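Trainee: File model-v8.cif below, mmCIF, C-alpha atoms:
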```cif
data_run
#
loop_
_atom_site.label_atom_id
_atom_site.label_comp_id
_atom_site.auth_asym_id
_atom_site.auth_seq_id
_atom_site.Cartn_x
_atom_site.Cartn_y
_atom_site.Cartn_z
CA MET A 1 22.29 51.41 37.68
CA LEU A 2 19.09 52.33 35.92
CA THR A 3 19.13 55.14 33.41
CA GLU A 4 16.47 57.84 33.45
CA ALA A 5 14.60 55.92 30.75
CA GLY A 6 14.80 52.76 32.86
CA GLU A 7 13.47 54.59 35.91
CA ALA A 8 10.52 55.80 33.87
CA LEU A 9 9.72 52.25 32.78
CA LEU A 10 10.22 50.62 36.16
CA ALA A 11 6.72 51.28 37.52
CA SER A 12 5.11 49.83 34.41
CA VAL A 13 7.36 46.77 34.45
CA GLU A 14 6.63 46.10 38.12
CA ALA A 15 2.90 46.34 37.41
CA MET A 16 3.26 43.85 34.56
CA ALA A 17 5.19 41.43 36.76
CA LYS A 18 2.53 41.66 39.49
CA ALA A 19 -0.25 40.99 36.98
CA ALA A 20 1.62 38.04 35.49
CA SER A 21 2.08 36.46 38.91
CA THR A 22 -1.71 36.17 39.28
CA ILE A 23 -2.10 34.06 36.12
CA PRO A 24 -2.57 30.36 37.04
CA SER A 25 0.32 28.21 35.85
CA GLN A 26 -2.00 25.26 35.27
CA ASP A 27 -5.43 25.23 33.65
CA PRO A 28 -7.73 23.31 36.02
CA GLU A 29 -9.57 21.86 33.03
CA GLY A 30 -6.41 20.39 31.55
CA PRO A 31 -4.06 21.28 28.69
CA ILE A 32 -5.29 23.69 26.03
CA GLY A 33 -3.83 25.40 22.98
CA THR A 34 -1.88 24.44 19.88
CA LEU A 35 0.91 21.89 20.11
CA ARG A 36 3.28 21.99 17.15
CA ILE A 37 5.41 18.87 16.74
CA SER A 38 8.39 18.74 14.37
CA VAL A 39 9.44 15.24 13.31
CA SER A 40 11.23 13.40 10.53
CA GLU A 41 9.16 12.36 7.55
CA GLY A 42 9.32 8.63 8.22
CA PHE A 43 8.60 8.78 11.96
CA GLY A 44 5.80 11.28 11.47
CA THR A 45 4.09 9.45 8.61
CA TRP A 46 4.51 5.82 9.60
CA PHE A 47 4.63 5.84 13.38
CA LEU A 48 3.17 8.97 14.92
CA ALA A 49 0.37 10.14 12.61
CA TYR A 50 -1.97 7.18 13.00
CA ARG A 51 -1.51 7.24 16.78
CA LEU A 52 -2.27 10.95 17.22
CA PRO A 53 -6.06 10.43 17.22
CA GLN A 54 -5.54 8.64 20.56
CA PHE A 55 -3.79 11.75 21.91
CA ASN A 56 -6.61 13.91 20.55
CA GLU A 57 -9.17 11.78 22.38
CA LEU A 58 -7.30 12.21 25.66
CA TYR A 59 -6.71 15.95 25.20
CA PRO A 60 -9.51 17.34 23.01
CA ARG A 61 -8.66 20.96 23.86
CA ILE A 62 -5.22 20.64 22.25
CA THR A 63 -4.91 21.31 18.53
CA VAL A 64 -2.01 19.29 17.14
CA ASP A 65 0.11 20.53 14.24
CA LEU A 66 2.25 17.65 12.98
CA VAL A 67 5.10 18.93 10.80
CA ALA A 68 6.64 15.83 9.21
CA SER A 69 9.43 16.84 6.87
CA THR A 70 12.96 16.13 5.70
CA SER A 71 14.05 19.17 7.74
CA TYR A 72 13.15 20.34 11.23
CA LEU A 73 11.59 23.50 12.58
CA ASN A 74 13.80 25.61 14.85
CA LEU A 75 12.99 25.05 18.52
CA SER A 76 15.27 27.89 19.64
CA ARG A 77 13.13 30.31 17.62
CA ARG A 78 9.98 28.66 19.04
CA GLU A 79 8.86 27.48 15.60
CA ALA A 80 7.71 24.25 17.32
CA ASP A 81 6.89 23.21 20.88
CA VAL A 82 8.51 19.78 20.73
CA ALA A 83 10.50 17.76 18.23
CA VAL A 84 11.73 14.23 17.67
CA PHE A 85 15.30 14.45 16.34
CA LEU A 86 17.63 11.80 14.92
CA SER A 87 20.44 12.99 17.19
CA ARG A 88 20.92 14.87 20.44
CA PRO A 89 21.28 18.62 19.81
CA ARG A 90 24.62 20.08 20.86
CA ALA A 91 23.70 23.78 20.99
CA GLY A 92 20.90 26.03 22.12
CA LEU A 93 18.74 26.22 25.25
CA LEU A 94 17.23 22.82 24.56
CA VAL A 95 16.37 19.85 26.73
CA ALA A 96 16.70 16.39 25.18
CA ARG A 97 16.18 12.83 26.30
CA LYS A 98 16.55 9.60 24.41
CA LEU A 99 13.12 8.54 23.23
CA ALA A 100 13.79 5.10 21.76
CA PRO A 101 16.16 3.17 19.49
CA TYR A 102 14.96 2.19 16.05
CA ASP A 103 15.99 -0.55 13.67
CA LEU A 104 16.95 -0.34 9.97
CA ARG A 105 17.03 -3.29 7.58
CA LEU A 106 17.40 -4.06 3.90
CA TYR A 107 14.11 -4.58 2.04
CA ALA A 108 12.94 -5.50 -1.42
CA SER A 109 9.53 -6.15 -2.92
CA ASN A 110 8.44 -9.74 -3.36
CA ALA A 111 7.98 -9.03 -7.07
CA TYR A 112 11.57 -7.77 -7.40
CA LEU A 113 12.97 -10.84 -5.64
CA GLU A 114 11.00 -13.17 -7.89
CA ARG A 115 12.56 -11.53 -10.95
CA HIS A 116 16.12 -11.01 -9.71
CA GLY A 117 16.65 -13.52 -6.90
CA THR A 118 17.32 -12.95 -3.21
CA PRO A 119 20.79 -11.79 -2.13
CA THR A 120 22.14 -13.47 1.01
CA SER A 121 25.29 -11.41 1.57
CA LEU A 122 26.52 -7.84 1.22
CA PRO A 123 28.84 -8.60 -1.74
CA ALA A 124 25.80 -9.96 -3.61
CA LEU A 125 24.24 -6.48 -3.58
CA ALA A 126 26.69 -5.51 -6.32
CA HIS A 127 24.53 -7.53 -8.70
CA HIS A 128 21.26 -5.84 -7.73
CA LYS A 129 19.56 -2.53 -8.28
CA LEU A 130 19.71 -0.30 -5.20
CA VAL A 131 17.55 2.50 -3.82
CA GLY A 132 18.92 5.19 -1.50
CA TYR A 133 19.36 8.80 -0.48
CA ILE A 134 20.91 11.55 -2.61
CA PRO A 135 24.28 11.93 -0.84
CA ASP A 136 24.68 15.71 -1.16
CA LEU A 137 21.10 16.37 0.00
CA LEU A 138 21.21 14.39 3.23
CA SER A 139 19.60 16.35 6.07
CA ALA A 140 21.44 14.53 8.89
CA PRO A 141 24.68 12.51 9.21
CA GLU A 142 22.69 9.68 10.83
CA LEU A 143 21.21 9.01 7.38
CA ARG A 144 24.59 8.12 5.86
CA TYR A 145 24.01 4.47 6.65
CA HIS A 146 24.27 3.54 3.01
CA GLN A 147 28.03 3.83 3.36
CA GLU A 148 27.84 1.10 5.99
CA VAL A 149 25.77 -1.17 3.76
CA TYR A 150 26.32 -0.55 0.06
CA ARG A 151 30.05 0.13 0.28
CA GLU A 152 31.25 -0.04 -3.33
CA SER A 153 27.76 -0.40 -4.78
CA ARG A 154 25.84 2.65 -5.99
CA ALA A 155 22.14 3.34 -5.77
CA THR A 156 20.61 4.10 -9.16
CA LEU A 157 17.25 5.25 -7.77
CA ARG A 158 17.69 8.02 -5.19
CA SER A 159 15.53 10.48 -3.31
CA SER A 160 15.80 12.91 -0.40
CA SER A 161 12.47 11.50 0.83
CA ILE A 162 12.20 8.22 2.75
CA ASN A 163 8.58 7.96 1.63
CA ALA A 164 9.66 8.21 -2.00
CA GLN A 165 12.34 5.56 -1.42
CA PHE A 166 9.71 3.32 0.12
CA ALA A 167 7.53 3.75 -2.97
CA MET A 168 10.47 2.96 -5.26
CA ILE A 169 11.25 -0.23 -3.33
CA LEU A 170 7.59 -1.24 -3.23
CA GLY A 171 7.35 -0.63 -6.96
CA GLY A 172 10.16 -3.11 -7.64
CA GLY A 173 12.91 -0.54 -8.19
CA GLY A 174 15.49 -2.42 -6.14
CA ILE A 175 16.79 -3.10 -2.65
CA GLY A 176 16.99 -0.34 -0.06
CA VAL A 177 17.41 0.45 3.62
CA LEU A 178 14.19 1.24 5.46
CA PRO A 179 13.31 1.63 9.13
CA SER A 180 11.70 -1.60 10.31
CA PHE A 181 8.64 0.32 11.45
CA ILE A 182 8.05 1.11 7.78
CA GLY A 183 9.24 -2.01 5.98
CA ASP A 184 7.62 -4.51 8.33
CA LEU A 185 4.17 -2.97 7.86
CA MET A 186 3.95 -4.05 4.24
CA PRO A 187 3.42 -7.74 3.36
CA GLU A 188 4.58 -6.91 -0.17
CA LEU A 189 8.07 -6.26 1.18
CA ALA A 190 10.59 -8.76 2.53
CA ARG A 191 13.79 -8.38 4.52
CA VAL A 192 16.98 -9.47 2.75
CA VAL A 193 20.58 -10.05 3.91
CA PHE A 194 19.48 -10.75 7.47
CA ASP A 195 22.88 -10.13 9.07
CA VAL A 196 22.60 -6.43 8.13
CA ARG A 197 21.02 -4.54 11.00
CA LEU A 198 21.57 -0.86 11.73
CA GLN A 199 20.36 0.98 14.80
CA ARG A 200 19.80 4.67 15.43
CA ASN A 201 18.03 6.63 18.17
CA PHE A 202 15.15 9.06 18.31
CA TRP A 203 15.49 12.00 20.72
CA LEU A 204 12.62 13.95 22.26
CA VAL A 205 13.63 17.62 22.31
CA MET A 206 12.03 20.81 23.60
CA HIS A 207 13.05 24.31 24.63
CA LYS A 208 13.94 24.59 28.31
CA ASP A 209 11.50 27.50 28.75
CA THR A 210 8.51 25.55 27.43
CA GLN A 211 9.14 22.05 28.80
CA GLN A 212 6.82 22.68 31.77
CA LEU A 213 3.82 23.73 29.68
CA GLN A 214 0.85 21.46 30.28
CA LYS A 215 0.50 20.58 26.60
CA VAL A 216 4.19 19.67 26.30
CA LYS A 217 4.14 17.57 29.48
CA ALA A 218 0.98 15.83 28.26
CA PHE A 219 2.71 14.88 25.01
CA GLN A 220 5.79 13.60 26.83
CA SER A 221 3.68 11.42 29.11
CA TRP A 222 1.60 10.12 26.22
CA MET A 223 4.67 9.25 24.14
CA HIS A 224 6.06 7.28 27.08
CA ASP A 225 2.83 5.29 27.29
CA VAL A 226 2.87 4.63 23.52
CA LEU A 227 6.39 3.21 23.69
CA VAL A 228 5.73 1.07 26.76
CA SER A 229 2.53 -0.36 25.30
CA GLY A 230 4.20 -1.75 22.18
CA GLY A 231 5.44 1.21 20.16
CA GLY A 232 8.99 0.68 21.36
CA ARG A 233 8.96 -2.89 20.08
CA GLN A 234 7.76 -1.73 16.68
CA LEU A 235 10.54 0.86 16.41
CA ALA A 236 13.10 -1.76 17.37
CA GLY A 237 11.85 -4.11 14.67
CA VAL A 238 10.69 -6.78 17.14
CA PRO A 239 7.82 -8.92 15.76
CA GLU A 240 4.52 -8.82 17.64
CA GLU A 241 3.95 -11.76 19.95
#
```
What does the file become when written as structure tokens?
Mentor:
Amino acid sequence: MLTEAGEALLASVEAMAKAASTIPSQDPEGPIGTLRISVSEGFGTWFLAYRLPQFNELYPRITVDLVASTSYLNLSRREADVAVFLSRPRAGLLVARKLAPYDLRLYASNAYLERHGTPTSLPALAHHKLVGYIPDLLSAPELRYHQEVYRESRATLRSSSINAQFAMILGGGGIGVLPSFIGDLMPELARVVFDVRLQRNFWLVMHKDTQQLQKVKAFQSWMHDVLVSGGGRQLAGVPEE
């Protein structure tokens, strides 16, 4: 039952609801507004950023904010419209679907391998310098792949940033795990220990109340086209034909 205060507000609320019902749900001229995308540092920098101009050409009325970081914005608090996570969220009013798998391999610079030789097995890594994450600063359990690879070996150059690790490896600092969509782009880097292959998944996530927004649907559709047209092969570490 409504209280007296509720009764007093009812007329105003009904008027607001009637006015809201007259607002078109779709802009006839296409999506408009600001689309904020929260992604991991590596995916945002090396895969998404240089493709976003294509999205901008298709949807010039959308302003894109790309937040590429070692931590994510909070979708439940509407800090972002859409995100690409490393795992499926288990809480909150969120909608998630698997975007694509991605490959991880061991890489070293050509200069490092010339000086120190090329390891051909995991035990051989014990005799090499290693690059990796700082264990107690990992932002997601999916990044603990070094335990699967290095085992008893210890990285002596470490960073919370995948971009910094890439720079350390490129600079000859040692051998490290990189996503193939990063490592394979650089001719100065080479894969080592070819039987080591890790796979993780990217998840496209949005709040259930905003998933039907034109700008969000446009991004979902565009991402699908990017993956089908070759982006999925790059993430999976499959060489171009």
Trainee: If we count only C-alpha atoms and set the cut-off at 8 Å, which residues sit around segment 209-219 of chain A, ignoring sequence neighbours fewer than 6 positions away in its own chain? Please answer as an mmCIF file with C-alpha atoms, in the frame of the given file.
Mentor:
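And here is the file that came out, around_19.cif:
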```cif
data_model
loop_
_atom_site.group_PDB
_atom_site.id
_atom_site.type_symbol
_atom_site.label_atom_id
_atom_site.label_comp_id
_atom_site.auth_asym_id
_atom_site.auth_seq_id
_atom_site.Cartn_x
_atom_site.Cartn_y
_atom_site.Cartn_z
ATOM 1 C CA GLN A 26 -2.000 25.260 35.270
ATOM 2 C CA GLY A 30 -6.410 20.390 31.550
ATOM 3 C CA PRO A 31 -4.060 21.280 28.690
ATOM 4 C CA ILE A 32 -5.290 23.690 26.030
ATOM 5 C CA GLY A 33 -3.830 25.400 22.980
ATOM 6 C CA LEU A 35 0.910 21.890 20.110
ATOM 7 C CA PHE A 55 -3.790 11.750 21.910
ATOM 8 C CA ILE A 62 -5.220 20.640 22.250
ATOM 9 C CA ASP A 81 6.890 23.210 20.880
ATOM 10 C CA VAL A 82 8.510 19.780 20.730
ATOM 11 C CA VAL A 95 16.370 19.850 26.730
#
```
Trainee: For Leu125 of chain A, which residue out of A:Leu198, A:Leu66, A:Leu157, A:Val149 is the nearest one, using all atoms listed in the file?
Mentor: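 Using all atoms listed in the file, Leu125 of chain A sits closest to A:Val149.
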Trainee: Can you work out which one of A:Val192, A:Thr156, A:Ile169, A:Leu86 has the shortest atom-to-atom distance to Gly42 of chain A, counting all atoms listed in the file?
Mentor: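 Closest to Gly42 of chain A of all the choices is A:Leu86.
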Trainee: Given the file above and the PyMOL selection byres ((chain A and resi 176) around 7), which residues are selected, and can you give them as a VMD selection string?
Mentor: chain A and resid 106 to 108 130 to 132 169 174 to 175 177 to 178
Trainee: Go ahead and compute the interatomic distance for atom CA of Leu189 of chain A and atom CA of Pro141 of chain A, in Å to one decimal.
Mentor: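 The value is 26.3 Å.
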Trainee: Would you work out the distance separating atom CA of Asp225 of chain A from atom CA of Thr34 of chain A, expressed in Å to one decimal?
Mentor: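 Between atom CA of Asp225 of chain A and atom CA of Thr34 of chain A the gap works out to 21.1 Å.
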Trainee: Kindly indicate which residue among A:Arg77, A:Arg200, A:Arg88, A:Arg97 lies nearest to Ser180 of chain A, using all atoms listed in the file for the distances.
Mentor: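 Using all atoms listed in the file, Ser180 of chain A sits closest to A:Arg200.
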Trainee: Point out the residue among A:Ser221, A:Glu114, A:Phe166, A:Glu148 with the least atom-to-atom distance to Arg197 of chain A, counting all atoms listed in the file.
Mentor: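 Using all atoms listed in the file, the shortest distance to Arg197 of chain A belongs to A:Glu148.
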Trainee: Go through A:Tyr50, A:Phe85, A:Phe202, A:Tyr133 and flag the residue nearest Gln147 of chain A, using only C-alpha atoms for the distances.
Mentor: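 Closest residue, counting only C-alpha atoms: A:Tyr133.
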Trainee: Name the residues that the PyMOL selection byres ((chain A and resi 41) around 7) picks from the file above, as an mmCIF file with C-alpha atoms, keeping the file's coordinate frame, using the file's chain letters and numbers.
Mentor:
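Okay, this is what ended up in part-v1.cif:
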```
data_model
loop_
_atom_site.group_PDB
_atom_site.id
_atom_site.type_symbol
_atom_site.label_atom_id
_atom_site.label_comp_id
_atom_site.auth_asym_id
_atom_site.auth_seq_id
_atom_site.Cartn_x
_atom_site.Cartn_y
_atom_site.Cartn_z
ATOM 1 C CA VAL A 39 9.440 15.240 13.310
ATOM 2 C CA SER A 40 11.230 13.400 10.530
ATOM 3 C CA GLY A 42 9.320 8.630 8.220
ATOM 4 C CA PHE A 43 8.600 8.780 11.960
ATOM 5 C CA GLY A 44 5.800 11.280 11.470
ATOM 6 C CA THR A 45 4.090 9.450 8.610
ATOM 7 C CA ALA A 68 6.640 15.830 9.210
ATOM 8 C CA SER A 69 9.430 16.840 6.870
ATOM 9 C CA THR A 70 12.960 16.130 5.700
#
```
